[in-house]
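See structure below.
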Amino acid sequence: MPVDIQGFQTALLQNLQGTLLAWGIWGPLAGFALSALRPSLPFPLFLPISVANGMVFGPWVGSMISWTGTAAGSCIGFSISRRMGQPVVYRWLKAERWRKLEAWVARKGFIAVILGRLTPAIPYGPFSYVVGASPMPLGAFLAATL
């Protein structure tokens with residue numbers, strides 16, 4: 001039986017809009033928190049969060065809420081990785097390609113993170129963990145992520 005991803009996303013978007021509106025003054029904080037969780041979500045689920053923020057709070061404020069929330073979530077992943085250390089991160093991610101990405105980040109630094117963020121094939125959340133396991137400073141990571 002085929003999965004109706006578009007129908008699921010539409011229903012999710014409607015529920016997110018209703019929830020953000022129902023939270024009243026706390027709605028922007030909820031939108032920020034959902035955006036901070038977004039880097040850890042699979043691709044079909046993250047787009048409705050940004051769209052809902054834009055529809056409820058307007059395109060400019062909604063974009064800022066989504067943008068800053070996503071940056072905060074990325075920094076959280078980076079910081080967890082930095083504290084846990086490279087052996088734990090690579091055991092957790094279980095993929096040789098992450099080692100190759102880390103070597104690429106070590107060679108190219110800031111530009112590698114910008115390119116990684118713009119490449120749809122590189123998942124946002126795990127990439128933050130990979131970069132956190134590299135020697136890149138948090139400030140450079142945040143600047144490239146933003």
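Going by the structure tokens order, chains are called A, B, ..., each with residues numbered from 1, while ligands are numbered from 1 in the order shown.
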
Original post:
Got a sec to tell me which of segment 31-143 of chain A DSSP assigns to alpha helix (DSSP H), as a PyMOL selection string?
Top reply: chain A and resi 31-37+43-57+59-84+86-93+96-108+110-118+124-132+138-143

Quick one: residues within 9 Å of segment 69-84 of chain A, only C-alpha atoms counted, chain neighbours fewer than 5 positions away excluded, as an mmCIF file with N, CA, C and O atoms, in the first residue's frame?
```
data_model
loop_
_atom_site.group_PDB
_atom_site.id
_atom_site.type_symbol
_atom_site.label_atom_id
_atom_site.label_comp_id
_atom_site.auth_asym_id
_atom_site.auth_seq_id
_atom_site.Cartn_x
_atom_site.Cartn_y
_atom_site.Cartn_z
ATOM 1 N N GLY A 31 7.222 27.496 17.958
ATOM 2 C CA GLY A 31 7.758 27.435 16.599
ATOM 3 C C GLY A 31 9.273 27.362 16.594
ATOM 4 O O GLY A 31 9.872 26.619 15.815
ATOM 5 N N PHE A 32 9.898 28.125 17.496
ATOM 6 C CA PHE A 32 11.355 28.093 17.635
ATOM 7 C C PHE A 32 11.809 26.700 18.086
ATOM 8 O O PHE A 32 12.754 26.135 17.534
ATOM 9 N N ALA A 33 11.127 26.142 19.099
ATOM 10 C CA ALA A 33 11.502 24.825 19.632
ATOM 11 C C ALA A 33 11.347 23.739 18.561
ATOM 12 O O ALA A 33 12.215 22.863 18.424
ATOM 13 N N LEU A 34 10.267 23.794 17.807
ATOM 14 C CA LEU A 34 10.087 22.814 16.731
ATOM 15 C C LEU A 34 11.175 22.966 15.669
ATOM 16 O O LEU A 34 11.681 21.973 15.139
ATOM 17 N N SER A 35 11.548 24.199 15.371
ATOM 18 C CA SER A 35 12.617 24.434 14.398
ATOM 19 C C SER A 35 13.954 23.951 14.936
ATOM 20 O O SER A 35 14.803 23.485 14.163
ATOM 21 N N ALA A 36 14.164 24.043 16.234
ATOM 22 C CA ALA A 36 15.408 23.548 16.828
ATOM 23 C C ALA A 36 15.471 22.022 16.770
ATOM 24 O O ALA A 36 16.552 21.449 16.642
ATOM 25 N N LEU A 37 14.315 21.366 16.825
ATOM 26 C CA LEU A 37 14.280 19.909 16.695
ATOM 27 C C LEU A 37 14.410 19.471 15.239
ATOM 28 O O LEU A 37 14.786 18.345 14.955
ATOM 29 N N ARG A 38 14.109 20.373 14.346
ATOM 30 C CA ARG A 38 14.042 20.071 12.918
ATOM 31 C C ARG A 38 15.295 19.436 12.333
ATOM 32 O O ARG A 38 15.184 18.526 11.514
ATOM 33 N N PRO A 39 16.515 19.857 12.717
ATOM 34 C CA PRO A 39 17.680 19.206 12.096
ATOM 35 C C PRO A 39 17.761 17.706 12.348
ATOM 36 O O PRO A 39 18.446 16.999 11.629
ATOM 37 N N SER A 40 17.031 17.211 13.327
ATOM 38 C CA SER A 40 17.060 15.789 13.632
ATOM 39 C C SER A 40 15.936 15.021 12.946
ATOM 40 O O SER A 40 15.874 13.804 13.057
ATOM 41 N N MET A 64 12.437 34.084 10.388
ATOM 42 C CA MET A 64 13.426 34.316 11.454
ATOM 43 C C MET A 64 13.301 33.274 12.561
ATOM 44 O O MET A 64 14.312 32.796 13.085
ATOM 45 N N VAL A 89 30.828 9.433 18.430
ATOM 46 C CA VAL A 89 30.016 9.921 17.310
ATOM 47 C C VAL A 89 30.062 8.932 16.151
ATOM 48 O O VAL A 89 29.025 8.572 15.585
ATOM 49 N N TYR A 124 21.016 17.257 7.417
ATOM 50 C CA TYR A 124 21.361 18.406 8.247
ATOM 51 C C TYR A 124 21.848 18.004 9.639
ATOM 52 O O TYR A 124 22.889 18.442 10.092
ATOM 53 N N GLY A 125 21.064 17.195 10.338
ATOM 54 C CA GLY A 125 21.389 16.822 11.714
ATOM 55 C C GLY A 125 22.682 16.040 11.854
ATOM 56 O O GLY A 125 23.601 16.457 12.571
ATOM 57 N N PRO A 126 22.798 14.888 11.172
ATOM 58 C CA PRO A 126 24.039 14.123 11.287
ATOM 59 C C PRO A 126 25.272 14.902 10.854
ATOM 60 O O PRO A 126 26.356 14.723 11.409
ATOM 61 N N PHE A 127 25.120 15.799 9.877
ATOM 62 C CA PHE A 127 26.262 16.599 9.441
ATOM 63 C C PHE A 127 26.758 17.500 10.572
ATOM 64 O O PHE A 127 27.958 17.710 10.737
ATOM 65 N N SER A 128 25.842 18.012 11.386
ATOM 66 C CA SER A 128 26.247 18.832 12.532
ATOM 67 C C SER A 128 27.089 18.010 13.503
ATOM 68 O O SER A 128 28.064 18.507 14.079
ATOM 69 N N TYR A 129 26.728 16.748 13.690
ATOM 70 C CA TYR A 129 27.511 15.872 14.567
ATOM 71 C C TYR A 129 28.894 15.597 13.988
ATOM 72 O O TYR A 129 29.883 15.584 14.706
ATOM 73 N N VAL A 130 28.949 15.379 12.681
ATOM 74 C CA VAL A 130 30.236 15.135 12.021
ATOM 75 C C VAL A 130 31.147 16.347 12.183
ATOM 76 O O VAL A 130 32.320 16.225 12.529
ATOM 77 N N VAL A 131 30.616 17.535 11.933
ATOM 78 C CA VAL A 131 31.437 18.740 12.046
ATOM 79 C C VAL A 131 31.842 18.961 13.501
ATOM 80 O O VAL A 131 32.952 19.403 13.783
ATOM 81 N N GLY A 132 30.956 18.617 14.441
ATOM 82 C CA GLY A 132 31.309 18.738 15.855
ATOM 83 C C GLY A 132 32.464 17.836 16.243
ATOM 84 O O GLY A 132 33.229 18.140 17.161
ATOM 85 N N ALA A 133 32.614 16.714 15.541
ATOM 86 C CA ALA A 133 33.728 15.801 15.810
ATOM 87 C C ALA A 133 35.019 16.263 15.138
ATOM 88 O O ALA A 133 36.080 15.714 15.397
ATOM 89 N N SER A 134 34.922 17.288 14.302
ATOM 90 C CA SER A 134 36.103 17.820 13.621
ATOM 91 C C SER A 134 36.718 18.934 14.479
ATOM 92 O O SER A 134 36.120 19.375 15.452
ATOM 93 N N PRO A 135 37.875 19.426 14.085
ATOM 94 C CA PRO A 135 38.496 20.508 14.856
ATOM 95 C C PRO A 135 37.909 21.900 14.598
ATOM 96 O O PRO A 135 38.368 22.880 15.174
ATOM 97 N N LEU A 138 33.302 26.357 17.029
ATOM 98 C CA LEU A 138 31.865 26.565 17.026
ATOM 99 C C LEU A 138 31.471 27.843 16.283
ATOM 100 O O LEU A 138 30.504 27.853 15.530
ATOM 101 N N PHE A 141 31.555 27.269 12.589
ATOM 102 C CA PHE A 141 30.444 26.380 12.241
ATOM 103 C C PHE A 141 29.124 27.156 12.205
ATOM 104 O O PHE A 141 28.341 27.037 11.259
ATOM 105 N N LEU A 142 28.894 27.969 13.232
ATOM 106 C CA LEU A 142 27.641 28.743 13.295
ATOM 107 C C LEU A 142 27.558 29.733 12.140
ATOM 108 O O LEU A 142 26.511 29.859 11.501
ATOM 109 N N THR A 145 26.763 27.811 9.037
ATOM 110 C CA THR A 145 25.399 27.282 9.104
ATOM 111 C C THR A 145 24.385 28.378 8.848
ATOM 112 O O THR A 145 23.399 28.175 8.141
ATOM 113 N N LEU A 146 24.613 29.553 9.423
ATOM 114 C CA LEU A 146 23.688 30.665 9.195
ATOM 115 C C LEU A 146 23.737 31.129 7.756
ATOM 116 O O LEU A 146 22.760 31.513 7.174
#
```

Original post:
For Ile122 of chain A, which residue among A:Tyr90, A:Leu20, A:Gly27, A:Leu101 is the nearest when counting only C-alpha atoms?
Top reply: A:Leu101

**OP:** Would you mind listing what lies within 7 Å of Val56 of chain A as JSON, numbers by chain, with only C-alpha atoms counted and same-chain residues fewer than 4 positions away left out?
**Re:** {"A": [17, 21, 52]}
